[in-house]
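Listing of run33.cif; format and content: mmCIF, C-alpha atoms (C1' of nucleotides).
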```
data_target
loop_
_atom_site.label_atom_id
_atom_site.label_comp_id
_atom_site.auth_asym_id
_atom_site.auth_seq_id
_atom_site.Cartn_x
_atom_site.Cartn_y
_atom_site.Cartn_z
CA MET A 1 89.60 -108.63 29.29
CA ARG A 2 87.08 -106.57 27.40
CA ALA A 3 85.40 -108.66 24.78
CA GLU A 4 85.79 -106.43 21.78
CA ALA A 5 89.47 -105.79 22.44
CA LEU A 6 90.46 -108.79 20.39
CA LYS A 7 88.95 -107.49 17.18
CA GLY A 8 91.42 -107.67 14.38
CA HIS A 9 94.02 -109.61 16.33
CA LEU A 10 92.38 -113.01 16.53
CA ASP A 11 93.64 -114.37 13.25
CA GLY A 12 97.28 -114.00 14.20
CA LEU A 13 96.70 -115.74 17.51
CA LEU A 14 95.00 -118.69 15.85
CA LEU A 15 97.70 -118.96 13.23
CA ALA A 16 100.35 -118.89 15.94
CA THR A 17 98.89 -121.97 17.63
CA LEU A 18 99.37 -123.88 14.38
CA GLU A 19 102.94 -122.82 13.85
CA ASN A 20 104.48 -125.86 15.49
CA GLY A 21 102.39 -128.51 13.80
CA PRO A 22 98.76 -129.26 12.95
CA ARG A 23 95.93 -129.10 15.46
CA HIS A 24 92.20 -129.60 15.34
CA GLY A 25 89.87 -126.74 16.19
CA TYR A 26 89.20 -127.61 19.78
CA ALA A 27 92.91 -128.07 20.40
CA VAL A 28 93.58 -124.64 18.90
CA LYS A 29 91.26 -123.11 21.44
CA GLU A 30 92.94 -125.04 24.27
CA ALA A 31 96.42 -124.19 23.07
CA LEU A 32 95.63 -120.49 22.94
CA CYS A 33 94.10 -120.61 26.37
CA GLU A 34 97.15 -122.34 27.76
CA ALA A 35 99.65 -120.12 25.97
CA THR A 36 98.04 -117.05 27.51
CA ASP A 37 97.56 -118.49 31.00
CA GLY A 38 93.81 -118.56 30.54
CA ARG A 39 93.61 -114.88 29.67
CA ILE A 40 92.34 -115.64 26.18
CA ASP A 41 89.74 -118.38 26.56
CA LEU A 42 87.63 -118.17 23.44
CA PRO A 43 84.11 -119.49 23.14
CA THR A 44 83.77 -122.14 20.44
CA GLY A 45 81.39 -119.86 18.59
CA THR A 46 84.38 -117.62 18.02
CA VAL A 47 86.93 -120.26 17.18
CA TYR A 48 85.15 -122.32 14.55
CA PRO A 49 83.90 -119.47 12.37
CA ALA A 50 87.33 -117.89 12.57
CA LEU A 51 89.00 -121.10 11.43
CA HIS A 52 86.55 -121.34 8.55
CA ARG A 53 87.45 -117.79 7.62
CA LEU A 54 91.14 -118.57 7.70
CA GLU A 55 90.60 -121.64 5.57
CA ARG A 56 88.56 -119.70 3.03
CA ALA A 57 91.39 -117.18 2.96
CA GLY A 58 93.83 -119.97 2.15
CA LEU A 59 95.91 -119.46 5.28
CA ILE A 60 95.18 -122.91 6.69
CA THR A 61 93.97 -126.22 5.29
CA GLY A 62 91.91 -128.78 7.17
CA ILE A 63 91.32 -132.50 6.84
CA TRP A 64 88.66 -134.59 8.51
CA SER A 65 89.45 -137.59 10.64
CA VAL A 66 87.76 -139.64 13.34
CA VAL A 67 89.45 -140.21 16.68
CA GLY A 68 87.70 -142.14 19.42
CA GLY A 69 84.36 -141.92 17.70
CA ARG A 70 84.59 -138.13 17.45
CA ARG A 71 85.10 -136.42 14.14
CA ARG A 72 87.87 -133.89 13.95
CA ARG A 73 89.04 -131.35 11.49
CA THR A 74 92.77 -130.97 11.71
CA TYR A 75 94.25 -127.77 10.38
CA GLN A 76 97.73 -126.82 9.36
CA LEU A 77 99.31 -123.64 8.12
CA THR A 78 99.75 -123.12 4.41
CA GLN A 79 102.67 -121.27 2.90
CA ALA A 80 100.46 -118.20 2.80
CA GLY A 81 99.54 -118.85 6.41
CA HIS A 82 103.16 -118.75 7.52
CA ALA A 83 103.63 -115.50 5.66
CA ALA A 84 100.45 -114.08 7.16
CA LEU A 85 101.56 -115.03 10.66
CA SER A 86 104.81 -113.24 10.09
CA ARG A 87 102.96 -110.16 8.95
CA GLU A 88 100.61 -110.35 11.91
CA ARG A 89 103.59 -110.39 14.25
CA THR A 90 105.27 -107.34 12.83
CA GLY A 91 101.90 -105.66 12.55
CA TRP A 92 101.27 -106.36 16.19
CA GLN A 93 104.61 -104.90 17.21
CA GLU A 94 103.89 -101.71 15.32
CA PHE A 95 100.37 -101.51 16.62
CA ALA A 96 101.39 -102.15 20.22
CA THR A 97 104.14 -99.55 19.96
CA ALA A 98 101.72 -96.97 18.61
CA VAL A 99 99.01 -97.61 21.19
CA THR A 100 101.49 -97.67 24.04
CA ALA A 101 102.83 -94.32 22.86
CA GLY A 102 99.34 -92.94 22.39
CA LEU A 103 98.24 -94.00 25.83
CA GLY A 104 101.31 -92.42 27.31
CA THR A 105 102.17 -95.50 29.33
CA ARG A 106 105.58 -96.91 29.97
CA PRO A 107 107.20 -98.60 26.97
CA TRP A 108 106.97 -101.96 28.67
CA PRO A 109 106.04 -104.08 30.91
CA ALA A 110 105.31 -101.53 33.61
CA THR A 111 104.99 -104.64 35.72
CA SER A 112 107.57 -103.52 38.19
CA MET B 113 98.64 -100.25 10.22
CA ARG B 114 95.64 -102.42 9.49
CA ALA B 115 92.46 -100.44 9.77
CA GLU B 116 90.46 -102.75 11.98
CA ALA B 117 93.32 -103.23 14.45
CA LEU B 118 92.23 -100.23 16.45
CA LYS B 119 88.81 -101.61 17.30
CA GLY B 120 88.16 -101.40 20.97
CA HIS B 121 91.25 -99.37 21.76
CA LEU B 122 90.30 -96.02 20.33
CA ASP B 123 88.49 -94.64 23.35
CA GLY B 124 91.51 -94.90 25.60
CA LEU B 125 93.68 -93.15 23.05
CA LEU B 126 91.26 -90.26 22.72
CA LEU B 127 90.89 -89.94 26.46
CA ALA B 128 94.66 -89.90 26.84
CA THR B 129 94.97 -86.85 24.60
CA LEU B 130 92.70 -84.98 26.98
CA GLU B 131 94.53 -85.94 30.12
CA ASN B 132 96.71 -82.83 30.24
CA GLY B 133 94.01 -80.29 29.63
CA PRO B 134 91.06 -79.62 27.32
CA ARG B 135 91.27 -79.83 23.54
CA HIS B 136 88.83 -79.44 20.70
CA GLY B 137 88.11 -82.34 18.37
CA TYR B 138 90.47 -81.46 15.60
CA ALA B 139 93.25 -80.90 18.12
CA VAL B 140 92.59 -84.31 19.62
CA LYS B 141 93.16 -85.88 16.25
CA GLU B 142 96.37 -83.87 15.76
CA ALA B 143 97.63 -84.64 19.24
CA LEU B 144 97.14 -88.36 18.77
CA CYS B 145 98.86 -88.23 15.42
CA GLU B 146 101.79 -86.41 16.93
CA ALA B 147 102.02 -88.59 20.03
CA THR B 148 102.30 -91.67 17.86
CA ASP B 149 104.70 -90.22 15.30
CA GLY B 150 102.02 -90.26 12.66
CA ARG B 151 101.29 -93.95 13.09
CA ILE B 152 97.76 -93.26 14.24
CA ASP B 153 96.36 -90.60 11.94
CA LEU B 154 92.62 -90.90 12.24
CA PRO B 155 90.13 -89.69 9.65
CA THR B 156 87.75 -87.08 11.03
CA GLY B 157 84.90 -89.46 10.34
CA THR B 158 86.36 -91.62 13.08
CA VAL B 159 87.24 -88.90 15.57
CA TYR B 160 84.02 -86.93 15.79
CA PRO B 161 81.61 -89.82 16.21
CA ALA B 162 83.95 -91.31 18.79
CA LEU B 163 84.01 -88.07 20.76
CA HIS B 164 80.22 -87.91 20.63
CA ARG B 165 80.13 -91.44 21.97
CA LEU B 166 82.49 -90.57 24.80
CA GLU B 167 80.41 -87.55 25.67
CA ARG B 168 77.21 -89.55 25.68
CA ALA B 169 78.97 -92.02 27.96
CA GLY B 170 79.80 -89.16 30.33
CA LEU B 171 83.55 -89.58 30.02
CA ILE B 172 84.10 -86.13 28.52
CA THR B 173 82.18 -82.87 28.39
CA GLY B 174 82.29 -80.36 25.59
CA ILE B 175 81.59 -76.67 25.29
CA TRP B 176 81.15 -74.63 22.14
CA SER B 177 83.23 -71.60 21.38
CA VAL B 178 84.23 -69.57 18.36
CA VAL B 179 87.87 -68.91 17.59
CA GLY B 180 88.88 -67.00 14.51
CA GLY B 181 85.45 -67.30 12.99
CA ARG B 182 85.48 -71.08 13.35
CA ARG B 183 83.27 -72.84 15.84
CA ARG B 184 84.94 -75.30 18.11
CA ARG B 185 83.80 -77.84 20.61
CA THR B 186 86.34 -78.11 23.38
CA TYR B 187 86.29 -81.27 25.42
CA GLN B 188 87.68 -82.14 28.79
CA LEU B 189 87.77 -85.29 30.86
CA THR B 190 85.18 -85.82 33.52
CA GLN B 191 85.86 -87.62 36.76
CA ALA B 192 84.48 -90.74 35.13
CA GLY B 193 86.72 -90.07 32.16
CA HIS B 194 89.84 -90.06 34.28
CA ALA B 195 88.77 -93.32 35.86
CA ALA B 196 87.99 -94.81 32.47
CA LEU B 197 91.39 -93.79 31.14
CA SER B 198 93.03 -95.50 34.05
CA ARG B 199 91.03 -98.66 33.36
CA GLU B 200 91.90 -98.48 29.68
CA ARG B 201 95.57 -98.34 30.54
CA THR B 202 95.58 -101.36 32.79
CA GLY B 203 93.31 -103.14 30.35
CA TRP B 204 95.74 -102.41 27.57
CA GLN B 205 98.64 -103.79 29.56
CA GLU B 206 96.79 -107.02 30.20
CA PHE B 207 95.63 -107.26 26.63
CA ALA B 208 99.06 -106.59 25.20
CA THR B 209 100.64 -109.10 27.52
CA ALA B 210 98.13 -111.76 26.53
CA VAL B 211 98.45 -111.16 22.79
CA THR B 212 102.21 -111.01 22.95
CA ALA B 213 102.21 -114.32 24.77
CA GLY B 214 99.72 -115.81 22.35
CA LEU B 215 101.69 -114.72 19.33
CA GLY B 216 104.80 -116.20 20.82
CA THR B 217 106.82 -113.07 20.19
CA ARG B 218 109.41 -111.58 22.44
CA PRO B 219 108.02 -109.87 25.55
CA TRP B 220 109.19 -106.52 24.30
CA PRO B 221 110.34 -104.49 22.18
CA ALA B 222 111.96 -107.17 20.05
CA THR B 223 113.50 -104.21 18.31
CA SER B 224 116.98 -105.30 19.10
"C1'" DC C 225 90.44 -66.41 -6.84
"C1'" DT C 226 91.62 -70.84 -5.99
"C1'" DC C 227 93.30 -74.17 -2.95
"C1'" DC C 228 94.63 -76.01 1.42
"C1'" DA C 229 94.36 -76.29 6.36
"C1'" DT C 230 91.22 -75.83 9.88
"C1'" DA C 231 86.88 -77.39 12.04
"C1'" DC C 232 82.65 -79.79 12.41
"C1'" DG C 233 79.40 -83.17 10.97
"C1'" DT C 234 76.41 -87.43 9.09
"C1'" DA C 235 74.94 -91.80 6.45
"C1'" DG C 236 75.85 -96.16 5.44
"C1'" DC C 237 78.92 -100.01 5.19
"C1'" DA C 238 81.93 -104.08 6.33
"C1'" DT C 239 84.07 -106.64 9.57
"C1'" DT C 240 84.24 -109.22 13.47
"C1'" DG C 241 83.74 -111.46 17.79
"C1'" DC C 242 80.07 -112.82 20.92
"C1'" DT C 243 75.75 -114.96 22.70
"C1'" DA C 244 72.82 -118.59 22.39
"C1'" DC C 245 71.77 -122.46 20.67
"C1'" DC C 246 72.18 -127.35 18.46
"C1'" DT C 247 74.24 -132.28 17.66
"C1'" DA C 248 77.06 -136.08 19.09
"C1'" DT C 249 80.47 -139.16 21.63
"C1'" DC C 250 83.03 -140.71 25.63
"C1'" DC C 251 83.80 -141.25 30.41
"C1'" DC C 252 83.30 -140.60 35.29
"C1'" DG C 253 80.69 -140.49 39.48
"C1'" DA C 254 76.43 -141.08 42.00
"C1'" DT D 255 71.96 -147.00 35.26
"C1'" DC D 256 71.77 -142.43 34.46
"C1'" DG D 257 73.23 -137.60 34.55
"C1'" DG D 258 76.51 -134.39 33.60
"C1'" DG D 259 80.86 -132.71 32.09
"C1'" DA D 260 84.64 -132.75 28.76
"C1'" DT D 261 85.53 -133.30 24.05
"C1'" DA D 262 84.41 -131.98 19.19
"C1'" DG D 263 81.96 -129.80 15.72
"C1'" DG D 264 78.57 -126.42 14.03
"C1'" DT D 265 75.08 -122.15 12.85
"C1'" DA D 266 72.06 -117.81 13.22
"C1'" DG D 267 71.74 -113.40 14.51
"C1'" DC D 268 73.35 -109.48 17.06
"C1'" DA D 269 76.00 -105.36 18.55
"C1'" DA D 270 79.81 -102.69 18.33
"C1'" DT D 271 83.00 -100.02 15.97
"C1'" DG D 272 85.97 -97.77 12.78
"C1'" DC D 273 86.09 -96.45 7.92
"C1'" DT D 274 84.71 -94.40 3.46
"C1'" DA D 275 82.58 -90.85 1.26
"C1'" DC D 276 80.33 -87.17 1.53
"C1'" DG D 277 78.71 -82.20 3.00
"C1'" DT D 278 79.28 -77.40 5.28
"C1'" DA D 279 82.01 -73.42 6.41
"C1'" DT D 280 86.01 -70.02 7.49
"C1'" DG D 281 90.70 -68.09 7.08
"C1'" DG D 282 94.95 -67.48 4.97
"C1'" DA D 283 98.51 -68.36 1.40
"C1'" DG D 284 99.72 -68.31 -3.35
#
```

Can you give me the file's structure in the form of structure tokens?
Amino acid sequence: MRAEALKGHLDGLLLATLENGPRHGYAVKEALCEATDGRIDLPTGTVYPALHRLERAGLITGIWSVVGGRRRRTYQLTQAGHAALSRERTGWQEFATAVTAGLGTRPWPATS
Amino acid sequence: MRAEALKGHLDGLLLATLENGPRHGYAVKEALCEATDGRIDLPTGTVYPALHRLERAGLITGIWSVVGGRRRRTYQLTQAGHAALSRERTGWQEFATAVTAGLGTRPWPATS
DNA sequence: CTCCATACGTAGCATTGCTACCTATCCCGA
DNA sequence: TCGGGATAGGTAGCAATGCTACGTATGGAG
């Protein structure tokens, strides 16, 4: 997958991993990797700054803890985060529809 | 549609408008707007630099002409451009599949 | 004669994900 | 015992890219 393709769509993906309960940063990365069958395997240098951004934006909140000698920051969605995730989903649908139309490909999955 | 969403996917869309014959820059913009039902209506400040980029990359070639007193630069896909378009399409499919999975939305169109 | 559509263009900006690097702990295998 | 990998967090700086805000010019409609 081309690196820059993700631009503008990362936030929604991160939020989605937190929808069913809190996770710490590293687990977010793992969850996203697993959910996409390894197709989206983010470097940590992408994940952590993005989580900081989401926290600054008030979409997630994090608390520190220590598990097995390792410090963790566990994040969970805020009310605003849930709303944002919802927006990201509908936004993605619209975007994907538009690009698919623009590219002139089959509506979906074309995996026949 | 969020502005930054397009990042990394514009080239394929522009190439696609040139697949069925040459067009000049302004017509590319119009064609894309029409193909997407107005959902992707690019400012000219996006289109022209992007076309220059594609030409520098050897994916399209342009020739000047004058029609009705107005100068035009008409572009057409090169061999490499056709190949790139093909890659963009498969890349888009993979990308869309991954993001859809990551967001946990319905495979498609979810417009039910 | 003014305004809009057509047609092209550039400068500079903001965002964003990536590379490359750093620290630290725990555990497994050699 | 010691090295390396997985786990867990982080930062600095870069490159790419689309957008905003302009500027230039012609033709036709009102």

- Any chance you could resolve the PyMOL selection byres ((chain B) within 12 of (chain C)) against this file and give the residues as a ChimeraX atom specification? /B:115-117,119-120,136-142,156-161,163-164,176-186

Could the residues in this selection be written to a file with C-alpha atoms, as a compact mmCIF listing (two decimals), in the frame of the given file?
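Writing done, so here's again_1.txt:
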```txt
# COMPACT_ATOMS: atom_id res chain seq x y z
CA ALA B 115 92.46 -100.44 9.77
CA GLU B 116 90.46 -102.75 11.98
CA ALA B 117 93.32 -103.23 14.45
CA LYS B 119 88.81 -101.61 17.30
CA GLY B 120 88.16 -101.40 20.97
CA HIS B 136 88.83 -79.44 20.70
CA GLY B 137 88.11 -82.34 18.37
CA TYR B 138 90.47 -81.46 15.60
CA ALA B 139 93.25 -80.90 18.12
CA VAL B 140 92.59 -84.31 19.62
CA LYS B 141 93.16 -85.88 16.25
CA GLU B 142 96.37 -83.87 15.76
CA THR B 156 87.75 -87.08 11.03
CA GLY B 157 84.90 -89.46 10.34
CA THR B 158 86.36 -91.62 13.08
CA VAL B 159 87.24 -88.90 15.57
CA TYR B 160 84.02 -86.93 15.79
CA PRO B 161 81.61 -89.82 16.21
CA LEU B 163 84.01 -88.07 20.76
CA HIS B 164 80.22 -87.91 20.63
CA TRP B 176 81.15 -74.63 22.14
CA SER B 177 83.23 -71.60 21.38
CA VAL B 178 84.23 -69.57 18.36
CA VAL B 179 87.87 -68.91 17.59
CA GLY B 180 88.88 -67.00 14.51
CA GLY B 181 85.45 -67.30 12.99
CA ARG B 182 85.48 -71.08 13.35
CA ARG B 183 83.27 -72.84 15.84
CA ARG B 184 84.94 -75.30 18.11
CA ARG B 185 83.80 -77.84 20.61
CA THR B 186 86.34 -78.11 23.38
```

Where does chain A end up after superposition onto chain B over all in-order Cα pairs? Give it as an mmCIF file with C-alpha atoms, in the frame of the given file.
```cif
data_model
loop_
_atom_site.group_PDB
_atom_site.id
_atom_site.type_symbol
_atom_site.label_atom_id
_atom_site.label_comp_id
_atom_site.auth_asym_id
_atom_site.auth_seq_id
_atom_site.Cartn_x
_atom_site.Cartn_y
_atom_site.Cartn_z
ATOM 1 C CA MET A 1 98.642 -100.322 10.254
ATOM 2 C CA ARG A 2 95.644 -102.466 9.491
ATOM 3 C CA ALA A 3 92.498 -100.449 9.784
ATOM 4 C CA GLU A 4 90.451 -102.700 11.990
ATOM 5 C CA ALA A 5 93.276 -103.238 14.463
ATOM 6 C CA LEU A 6 92.217 -100.235 16.475
ATOM 7 C CA LYS A 7 88.799 -101.608 17.314
ATOM 8 C CA GLY A 8 88.146 -101.394 20.989
ATOM 9 C CA HIS A 9 91.243 -99.367 21.778
ATOM 10 C CA LEU A 10 90.294 -96.009 20.326
ATOM 11 C CA ASP A 11 88.482 -94.652 23.338
ATOM 12 C CA GLY A 12 91.502 -94.917 25.596
ATOM 13 C CA LEU A 13 93.685 -93.158 23.054
ATOM 14 C CA LEU A 14 91.256 -90.270 22.721
ATOM 15 C CA LEU A 15 90.884 -89.959 26.462
ATOM 16 C CA ALA A 16 94.656 -89.931 26.844
ATOM 17 C CA THR A 17 94.992 -86.872 24.607
ATOM 18 C CA LEU A 18 92.704 -84.985 26.983
ATOM 19 C CA GLU A 19 94.540 -85.958 30.118
ATOM 20 C CA ASN A 20 96.708 -82.862 30.258
ATOM 21 C CA GLY A 21 94.019 -80.285 29.643
ATOM 22 C CA PRO A 22 91.074 -79.639 27.326
ATOM 23 C CA ARG A 23 91.276 -79.845 23.551
ATOM 24 C CA HIS A 24 88.845 -79.442 20.703
ATOM 25 C CA GLY A 25 88.127 -82.352 18.391
ATOM 26 C CA TYR A 26 90.494 -81.462 15.617
ATOM 27 C CA ALA A 27 93.280 -80.899 18.123
ATOM 28 C CA VAL A 28 92.609 -84.327 19.629
ATOM 29 C CA LYS A 29 93.186 -85.889 16.252
ATOM 30 C CA GLU A 30 96.398 -83.886 15.774
ATOM 31 C CA ALA A 31 97.650 -84.659 19.254
ATOM 32 C CA LEU A 32 97.146 -88.379 18.767
ATOM 33 C CA CYS A 33 98.871 -88.262 15.431
ATOM 34 C CA GLU A 34 101.816 -86.439 16.924
ATOM 35 C CA ALA A 35 102.029 -88.612 20.025
ATOM 36 C CA THR A 36 102.305 -91.706 17.847
ATOM 37 C CA ASP A 37 104.698 -90.242 15.276
ATOM 38 C CA GLY A 38 102.000 -90.274 12.631
ATOM 39 C CA ARG A 39 101.285 -93.967 13.067
ATOM 40 C CA ILE A 40 97.747 -93.277 14.241
ATOM 41 C CA ASP A 41 96.356 -90.601 11.935
ATOM 42 C CA LEU A 42 92.608 -90.899 12.234
ATOM 43 C CA PRO A 43 90.147 -89.674 9.652
ATOM 44 C CA THR A 44 87.760 -87.063 11.035
ATOM 45 C CA GLY A 45 84.886 -89.423 10.359
ATOM 46 C CA THR A 46 86.359 -91.591 13.082
ATOM 47 C CA VAL A 47 87.227 -88.895 15.563
ATOM 48 C CA TYR A 48 84.012 -86.910 15.784
ATOM 49 C CA PRO A 49 81.599 -89.815 16.205
ATOM 50 C CA ALA A 50 83.931 -91.303 18.783
ATOM 51 C CA LEU A 51 84.003 -88.064 20.756
ATOM 52 C CA HIS A 52 80.219 -87.918 20.634
ATOM 53 C CA ARG A 53 80.140 -91.453 21.965
ATOM 54 C CA LEU A 54 82.483 -90.577 24.789
ATOM 55 C CA GLU A 55 80.406 -87.545 25.654
ATOM 56 C CA ARG A 56 77.197 -89.565 25.670
ATOM 57 C CA ALA A 57 78.968 -92.011 27.959
ATOM 58 C CA GLY A 58 79.787 -89.168 30.334
ATOM 59 C CA LEU A 59 83.543 -89.591 30.014
ATOM 60 C CA ILE A 60 84.105 -86.146 28.518
ATOM 61 C CA THR A 61 82.176 -82.883 28.400
ATOM 62 C CA GLY A 62 82.299 -80.357 25.583
ATOM 63 C CA ILE A 63 81.582 -76.657 25.278
ATOM 64 C CA TRP A 64 81.178 -74.619 22.129
ATOM 65 C CA SER A 65 83.262 -71.577 21.377
ATOM 66 C CA VAL A 66 84.269 -69.543 18.345
ATOM 67 C CA VAL A 67 87.919 -68.893 17.575
ATOM 68 C CA GLY A 68 88.922 -66.980 14.472
ATOM 69 C CA GLY A 69 85.502 -67.304 12.938
ATOM 70 C CA ARG A 70 85.542 -71.090 13.325
ATOM 71 C CA ARG A 71 83.315 -72.821 15.811
ATOM 72 C CA ARG A 72 84.955 -75.281 18.128
ATOM 73 C CA ARG A 73 83.823 -77.816 20.611
ATOM 74 C CA THR A 74 86.330 -78.097 23.394
ATOM 75 C CA TYR A 75 86.291 -81.272 25.424
ATOM 76 C CA GLN A 76 87.686 -82.143 28.793
ATOM 77 C CA LEU A 77 87.779 -85.294 30.844
ATOM 78 C CA THR A 78 85.166 -85.842 33.509
ATOM 79 C CA GLN A 79 85.851 -87.632 36.757
ATOM 80 C CA ALA A 80 84.471 -90.759 35.134
ATOM 81 C CA GLY A 81 86.703 -90.094 32.155
ATOM 82 C CA HIS A 82 89.830 -90.089 34.293
ATOM 83 C CA ALA A 83 88.748 -93.346 35.864
ATOM 84 C CA ALA A 84 87.973 -94.831 32.463
ATOM 85 C CA LEU A 85 91.378 -93.815 31.135
ATOM 86 C CA SER A 86 93.002 -95.527 34.054
ATOM 87 C CA ARG A 87 91.033 -98.665 33.361
ATOM 88 C CA GLU A 88 91.877 -98.505 29.676
ATOM 89 C CA ARG A 89 95.563 -98.362 30.545
ATOM 90 C CA THR A 90 95.574 -101.383 32.785
ATOM 91 C CA GLY A 91 93.296 -103.153 30.348
ATOM 92 C CA TRP A 92 95.732 -102.430 27.576
ATOM 93 C CA GLN A 93 98.646 -103.792 29.570
ATOM 94 C CA GLU A 94 96.798 -107.020 30.229
ATOM 95 C CA PHE A 95 95.626 -107.297 26.670
ATOM 96 C CA ALA A 96 99.059 -106.592 25.213
ATOM 97 C CA THR A 97 100.634 -109.123 27.560
ATOM 98 C CA ALA A 98 98.134 -111.779 26.545
ATOM 99 C CA VAL A 99 98.445 -111.181 22.810
ATOM 100 C CA THR A 100 102.217 -111.027 22.970
ATOM 101 C CA ALA A 101 102.212 -114.354 24.798
ATOM 102 C CA GLY A 102 99.703 -115.828 22.382
ATOM 103 C CA LEU A 103 101.681 -114.760 19.363
ATOM 104 C CA GLY A 104 104.789 -116.244 20.861
ATOM 105 C CA THR A 105 106.829 -113.122 20.231
ATOM 106 C CA ARG A 106 109.420 -111.617 22.478
ATOM 107 C CA PRO A 107 108.043 -109.918 25.593
ATOM 108 C CA TRP A 108 109.147 -106.547 24.307
ATOM 109 C CA PRO A 109 110.266 -104.428 22.155
ATOM 110 C CA ALA A 110 111.984 -106.967 19.935
ATOM 111 C CA THR A 111 113.357 -103.844 18.327
ATOM 112 C CA SER A 112 116.923 -104.870 18.818
#
```

- Message: Residues within 8 Å of Asp11 (chain A), please, as a VMD selection string. Count only C-alpha atoms (C1' of nucleotides); anything in the same chain fewer than 3 positions from it doesn't count.
- Response: chain A and resid 8 14 to 15 50 54

- Grab the C1' of DG267 (chain D) to CA of Pro43 (chain A) distance for me, in Å with one decimal place.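 According to the coordinates, C1' of DG267 (chain D) and CA of Pro43 (chain A) are separated by 16.3 Å.
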
- Task: Report as an MDAnalysis selection string the full result of the PyMOL selection byres ((chain A) within 10 of (chain B)) when it is applied to this structure.
- Result: chainID A and resid 1:10 12:17 19 31:40 85:86 88:111

- Message: Tell me as a list in words which residues belonging to chain D come within 10 Å of chain B, counting only C-alpha atoms (C1' of nucleotides).
- Response: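 Here they are: DA270, DT271, DG272, DC273, DT274, DA275, DA279, DT280 and DG281 of chain D.
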
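Between CA of Ala196 (chain B) and CA of Ile175 (chain B) lies a distance of 20.5 Å.
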
May I have the centre and edge lengths, in Å to one decimal, of an axis-aligned box around the listed atoms of region 233-246 of chain C with 4 Å added to every side, as AutoDock Vina command-line options?
```
--center_x 78.0 --center_y -105.3 --center_z 13.9 --size_x 20.5 --size_y 52.2 --size_z 25.5
```

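The space separating C1' of DC268 (chain D) from CA of Arg199 (chain B) comes to 26.4 Å.
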
- Within 8 Å of Ala192 (chain B), counting only C-alpha atoms (C1' of nucleotides), which residues qualify if same-chain residues fewer than 3 places away don't, as an MDAnalysis selection string? chainID B and resid 170:171 189 195:196
